[in-house]
Amino acid sequence: MERITESPSIYRNLEQKSTIELLTDINTEDQKVALAVQKAIPMIVPLIDAIAEKMSQGGRLFYIGAGTSGRLGVLDASECPPTYGVPKDWVIGIIAGGDTALRNPVENAEDSVEQAWKDLCEYDIDSHDVLVGIAASGTTPYVINGLKMANDKDIITGSISCNPSSPLSDVAKFPIEVIVGPEYVTGSTRMKSGTAQKLVLNMISSSVMIKLGRVLDNRMVDMQLSNKKLVDRGVKMVIEKTGLEYDVAKELLLTQKSVRNAVASYQQSNNMNNH
């Protein structure tokens with residue numbers, strides 16, 4: 001396989017550059033990422049459809065990865081409950097080395113060929129679920145072997161990597177390859193590769209949640225009302241749908257706990273009054 005993620009940067013003598021040169025060069029490289037993701041859309045579509053189908057039947061979505069890739073999976077999973085009001089076990093992110101690895105490197109964690117399946121078994125993963133492996137190189141043993149075991153158990157598998165024809169893509173039933181080219185700092189895959197993975201994860205979780213009905217029109221009607229900003233946003237959404245005064249809408253929202261429930265309650269009340 002071609003290890004593009006490890007190939008030399010096209011820029012030289014970085015330590016001699018000015019700040020504006022560094023930033024301009026990095027931004028030039030970052031602009032290539034969205035175009036690389038665009039090319040990968042035909043690979044992303046079938047995975048999203050498979051995830052949505054499984055989750056509509058009660059299944060869960062799992063992400064596994066190591067290092068930056070693992071952190072990005074955990075991040076995407078952790079943002080689903082507050083954004084879409086879903087249970088915290090709908091989307092589960094697992095990182096090689098456990099939660100310690102979110103802040104600190106865990107030696108040899110990504111090289112384990114057995115640990116991924118052990119980690120997944122703690123959540124009783126089964127054929128109702130979907131597993132997505134994330135690895136910029138597409139060669140991480142932890143991730144590859146986790147997907148191999150999942151395949152053996154008839155679990156749908158997907159992958160996100162940044163090298164063409166990687167071992168991870170060979171294992172995944174729905175491989176996604178986003179070929180972003182060499183990193184600005186040679187081999188620093190937290191840069192363009194990490195950005196590409198973040199974009200694809202946003203696409204996956206957002207699209208799946210929309211398909212599962214967690215968005216109405218273009219609004220997060222099930223978001224958790226966990227701070228003043230989100231309450232205010234929710235109140236304005238209720239006002240938009242009901243025409244209520246701010247204070248009345250706020251009281252209704254806080255009573256009903258979500259925009260969806262507040263609007264439904266208002267409409268139900270109106271219907272009863274009209275009859």
# chains A, B, ... in the order shown; residues from 1 in each chain; ligands from 1
>>> select_by_dssp(residues="stretch 97-234 of chain A", states="helix (DSSP H, G or I)", output="MDAnalysis selection string")
chainID A and resid 99:102 109:111 115:121 141:152 167:171 192:211 228:234
>>> write_last_selection(atoms="C-alpha atoms", output="short mmCIF file (atom, residue, chain, number, x, y, z; two decimals), in the first residue's frame")
data_model
loop_
_atom_site.label_atom_id
_atom_site.label_comp_id
_atom_site.auth_asym_id
_atom_site.auth_seq_id
_atom_site.Cartn_x
_atom_site.Cartn_y
_atom_site.Cartn_z
CA ASP A 99 -9.97 7.16 28.88
CA THR A 100 -6.39 7.77 30.05
CA ALA A 101 -5.42 7.94 26.38
CA LEU A 102 -7.71 10.93 25.81
CA ALA A 109 -2.04 0.55 23.08
CA GLU A 110 -2.56 0.80 19.34
CA ASP A 111 -0.42 -2.28 18.69
CA GLN A 115 -7.74 -5.42 23.18
CA ALA A 116 -10.22 -3.80 20.78
CA TRP A 117 -12.58 -6.76 20.87
CA LYS A 118 -12.28 -6.96 24.66
CA ASP A 119 -13.17 -3.26 24.87
CA LEU A 120 -16.16 -3.75 22.55
CA CYS A 121 -17.40 -6.79 24.48
CA PRO A 141 -3.51 -3.22 14.60
CA TYR A 142 -5.96 -2.31 17.40
CA VAL A 143 -8.49 -1.02 14.88
CA ILE A 144 -7.96 -3.61 12.15
CA ASN A 145 -8.36 -6.56 14.49
CA GLY A 146 -11.41 -5.01 16.16
CA LEU A 147 -13.08 -4.88 12.74
CA LYS A 148 -11.97 -8.42 11.87
CA MET A 149 -13.61 -9.77 15.01
CA ALA A 150 -16.75 -7.74 14.31
CA ASN A 151 -16.94 -9.17 10.79
CA ASP A 152 -16.74 -12.67 12.24
CA PRO A 167 -5.32 -3.04 5.37
CA LEU A 168 -8.15 -1.32 7.26
CA SER A 169 -10.06 -0.67 4.03
CA ASP A 170 -9.59 -4.31 3.08
CA VAL A 171 -11.23 -5.41 6.32
CA LYS A 192 -4.95 17.35 7.52
CA SER A 193 -5.83 13.71 8.18
CA GLY A 194 -7.38 14.59 11.53
CA THR A 195 -9.36 17.42 9.96
CA ALA A 196 -10.62 15.07 7.25
CA GLN A 197 -11.69 12.49 9.83
CA LYS A 198 -13.50 15.17 11.84
CA LEU A 199 -15.38 16.33 8.74
CA VAL A 200 -16.43 12.77 7.86
CA LEU A 201 -17.50 12.03 11.44
CA ASN A 202 -19.60 15.22 11.43
CA MET A 203 -21.23 14.05 8.20
CA ILE A 204 -21.92 10.57 9.56
CA SER A 205 -23.43 11.49 12.94
CA SER A 206 -25.33 14.55 11.68
CA SER A 207 -26.83 12.75 8.68
CA VAL A 208 -27.76 9.68 10.73
CA MET A 209 -29.46 11.79 13.40
CA ILE A 210 -31.38 13.72 10.74
CA LYS A 211 -32.50 10.44 9.14
CA LYS A 228 -28.53 29.72 29.33
CA LYS A 229 -27.42 30.02 25.69
CA LEU A 230 -29.16 26.77 24.74
CA VAL A 231 -32.29 27.66 26.70
CA ASP A 232 -32.44 31.00 24.90
CA ARG A 233 -31.95 29.27 21.55
CA GLY A 234 -34.71 26.83 22.44
#
>>> select_by_dssp(residues="stretch 38-266 of chain A", states="strand (DSSP E or B)", output="ChimeraX atom specification")
/A:61-65,91-95,130-134,156-161,174-177,216,219
>>> write_last_selection(atoms="N, CA and C atoms", output="mmCIF file, in the first residue's frame")
data_model
loop_
_atom_site.group_PDB
_atom_site.id
_atom_site.type_symbol
_atom_site.label_atom_id
_atom_site.label_comp_id
_atom_site.auth_asym_id
_atom_site.auth_seq_id
_atom_site.Cartn_x
_atom_site.Cartn_y
_atom_site.Cartn_z
ATOM 1 N N LEU A 61 -24.186 2.760 17.295
ATOM 2 C CA LEU A 61 -23.017 3.076 16.474
ATOM 3 C C LEU A 61 -21.790 3.129 17.369
ATOM 4 N N PHE A 62 -20.766 2.364 17.013
ATOM 5 C CA PHE A 62 -19.500 2.359 17.747
ATOM 6 C C PHE A 62 -18.393 2.941 16.874
ATOM 7 N N TYR A 63 -17.529 3.752 17.486
ATOM 8 C CA TYR A 63 -16.286 4.187 16.855
ATOM 9 C C TYR A 63 -15.125 3.600 17.650
ATOM 10 N N ILE A 64 -14.096 3.093 16.957
ATOM 11 C CA ILE A 64 -12.859 2.747 17.655
ATOM 12 C C ILE A 64 -11.679 3.352 16.913
ATOM 13 N N GLY A 65 -10.673 3.752 17.682
ATOM 14 C CA GLY A 65 -9.465 4.314 17.099
ATOM 15 C C GLY A 65 -8.394 4.445 18.155
ATOM 16 N N VAL A 91 -24.452 6.286 20.583
ATOM 17 C CA VAL A 91 -23.182 6.398 19.853
ATOM 18 C C VAL A 91 -22.055 6.302 20.880
ATOM 19 N N ILE A 92 -21.167 5.332 20.696
ATOM 20 C CA ILE A 92 -20.143 5.031 21.697
ATOM 21 C C ILE A 92 -18.763 5.125 21.066
ATOM 22 N N GLY A 93 -17.899 5.945 21.636
ATOM 23 C CA GLY A 93 -16.527 6.086 21.154
ATOM 24 C C GLY A 93 -15.565 5.353 22.079
ATOM 25 N N ILE A 94 -14.701 4.526 21.504
ATOM 26 C CA ILE A 94 -13.720 3.766 22.273
ATOM 27 C C ILE A 94 -12.330 4.083 21.744
ATOM 28 N N ILE A 95 -11.411 4.414 22.646
ATOM 29 C CA ILE A 95 -10.039 4.736 22.260
ATOM 30 C C ILE A 95 -9.079 3.712 22.847
ATOM 31 N N VAL A 130 -23.347 -1.236 14.590
ATOM 32 C CA VAL A 130 -22.396 -0.932 13.512
ATOM 33 C C VAL A 130 -21.094 -0.450 14.146
ATOM 34 N N LEU A 131 -19.967 -0.907 13.607
ATOM 35 C CA LEU A 131 -18.650 -0.518 14.117
ATOM 36 C C LEU A 131 -17.875 0.213 13.031
ATOM 37 N N VAL A 132 -17.394 1.414 13.360
ATOM 38 C CA VAL A 132 -16.575 2.199 12.428
ATOM 39 C C VAL A 132 -15.178 2.355 13.016
ATOM 40 N N GLY A 133 -14.187 1.861 12.301
ATOM 41 C CA GLY A 133 -12.796 1.992 12.720
ATOM 42 C C GLY A 133 -12.169 3.222 12.095
ATOM 43 N N ILE A 134 -11.431 3.990 12.903
ATOM 44 C CA ILE A 134 -10.824 5.240 12.449
ATOM 45 C C ILE A 134 -9.312 5.127 12.604
ATOM 46 N N ILE A 156 -21.900 -5.115 11.011
ATOM 47 C CA ILE A 156 -21.533 -4.216 9.912
ATOM 48 C C ILE A 156 -20.344 -3.363 10.328
ATOM 49 N N THR A 157 -19.341 -3.272 9.444
ATOM 50 C CA THR A 157 -18.137 -2.496 9.746
ATOM 51 C C THR A 157 -17.880 -1.438 8.688
ATOM 52 N N GLY A 158 -17.408 -0.282 9.142
ATOM 53 C CA GLY A 158 -16.967 0.788 8.253
ATOM 54 C C GLY A 158 -15.611 1.274 8.701
ATOM 55 N N SER A 159 -14.967 2.087 7.890
ATOM 56 C CA SER A 159 -13.665 2.624 8.278
ATOM 57 C C SER A 159 -13.450 4.004 7.680
ATOM 58 N N ILE A 160 -12.604 4.783 8.345
ATOM 59 C CA ILE A 160 -12.193 6.093 7.836
ATOM 60 C C ILE A 160 -10.678 6.131 7.896
ATOM 61 N N SER A 161 -10.038 6.240 6.726
ATOM 62 C CA SER A 161 -8.577 6.308 6.681
ATOM 63 C C SER A 161 -8.138 7.273 5.583
ATOM 64 N N PHE A 174 -17.608 -1.270 4.634
ATOM 65 C CA PHE A 174 -17.875 0.042 4.039
ATOM 66 C C PHE A 174 -16.669 0.961 4.284
ATOM 67 N N PRO A 175 -15.603 0.811 3.494
ATOM 68 C CA PRO A 175 -14.407 1.641 3.709
ATOM 69 C C PRO A 175 -14.569 3.050 3.133
ATOM 70 N N ILE A 176 -14.068 4.018 3.869
ATOM 71 C CA ILE A 176 -14.009 5.407 3.393
ATOM 72 C C ILE A 176 -12.546 5.823 3.377
ATOM 73 N N GLU A 177 -12.065 6.268 2.235
ATOM 74 C CA GLU A 177 -10.680 6.730 2.105
ATOM 75 C C GLU A 177 -10.676 8.192 1.680
ATOM 76 N N LEU A 216 -35.880 18.701 13.106
ATOM 77 C CA LEU A 216 -37.079 19.131 12.399
ATOM 78 C C LEU A 216 -36.749 20.410 11.641
ATOM 79 N N ARG A 219 -33.587 22.424 12.640
ATOM 80 C CA ARG A 219 -33.418 22.754 14.053
ATOM 81 C C ARG A 219 -33.137 21.533 14.930
#
>>> closest_residue(among="A:Gly138, A:Leu244, A:Ile179, A:Asp89", to="A:Gly58", atoms="only C-alpha atoms")
A:Asp89
>>> closest_residue(among="A:Thr28, A:Thr242, A:Thr19, A:Ser7", to="A:Val259", atoms="only C-alpha atoms")
A:Thr242
>>> residues_around(residues="A:Asn163", least_positions_apart="3", cutoff="8 Å", atoms="only C-alpha atoms", output="PDB file with C-alpha atoms, in the first residue's frame")
ATOM      1  CA  MET A   1       0.000   0.000   0.000  1.00  0.00           C
ATOM      2  CA  GLU A   2       1.030   3.612  -0.535  1.00  0.00           C
ATOM      3  CA  ARG A   3       1.715   5.401   2.758  1.00  0.00           C
ATOM      4  CA  ILE A   4       0.787   8.925   1.701  1.00  0.00           C
ATOM      5  CA  THR A   5       0.235   9.940   5.341  1.00  0.00           C
ATOM      6  CA  ALA A 136      -5.345   7.825   9.388  1.00  0.00           C
ATOM      7  CA  SER A 137      -2.732   5.307   8.267  1.00  0.00           C
ATOM      8  CA  GLY A 138      -5.197   2.461   7.868  1.00  0.00           C
ATOM      9  CA  SER A 166      -4.944   0.130   3.285  1.00  0.00           C
ATOM     10  CA  GLU A 177     -10.680   6.730   2.105  1.00  0.00           C
ATOM     11  CA  VAL A 178     -10.017  10.469   2.217  1.00  0.00           C
ATOM     12  CA  ILE A 179      -6.693  11.035   0.457  1.00  0.00           C
TER      13      ILE A 179
END
>>> closest_residue(among="A:Asn270, A:Thr255, A:Thr186, A:Asn218", to="A:Asn13", atoms="only C-alpha atoms")
A:Thr186
>>> closest_residue(among="A:Lys54, A:Lys88, A:His128, A:Arg71", to="A:Arg103", atoms="only C-alpha atoms")
A:Arg71
>>> residues_around(residues="A:Glu240", least_positions_apart="5", cutoff="10 Å", atoms="only C-alpha atoms", output="list in words")
Gly234, Val235, Ala249 and Val263 of chain A
>>> write_last_selection(atoms="C-alpha atoms", output="PDB file, in the first residue's frame")
ATOM      1  CA  GLY A 234     -34.706  26.830  22.442  1.00  0.00           C
ATOM      2  CA  VAL A 235     -37.093  29.581  23.495  1.00  0.00           C
ATOM      3  CA  ALA A 249     -42.453  30.190  25.596  1.00  0.00           C
ATOM      4  CA  VAL A 263     -44.217  22.654  20.399  1.00  0.00           C
TER       5      VAL A 263
END
>>> closest_residue(among="A:Asn104, A:Tyr123, A:Ala172, A:Arg190", to="A:Met43", atoms="only C-alpha atoms")
A:Ala172
>>> residues_around(residues="A:Pro8", least_positions_apart="4", cutoff="8 Å", atoms="only C-alpha atoms", output="MDAnalysis selection string")
chainID A and resid 182:183 186:187
>>> write_last_selection(atoms="N, CA and C atoms", output="compact mmCIF listing (two decimals), in the first residue's frame")
# COMPACT_ATOMS: atom_id res chain seq x y z
N PRO A 182 0.34 14.56 1.65
CA PRO A 182 1.31 14.70 2.73
C PRO A 182 0.92 15.79 3.72
N GLU A 183 1.29 15.58 4.97
CA GLU A 183 1.01 16.60 5.99
C GLU A 183 2.02 17.75 5.89
N THR A 186 5.74 16.65 8.26
CA THR A 186 5.75 15.27 7.78
C THR A 186 5.27 14.28 8.84
N GLY A 187 4.24 13.52 8.48
CA GLY A 187 3.73 12.47 9.35
C GLY A 187 2.83 12.93 10.48
>>> closest_residue(among="A:Pro82, A:Arg260, A:Ser112, A:Asp247", to="A:Gln224", atoms="only C-alpha atoms")
A:Pro82
>>> atom_distance(atom1="atom CA of A:Asp129", atom2="atom CA of A:Ile51")
8.1 Å
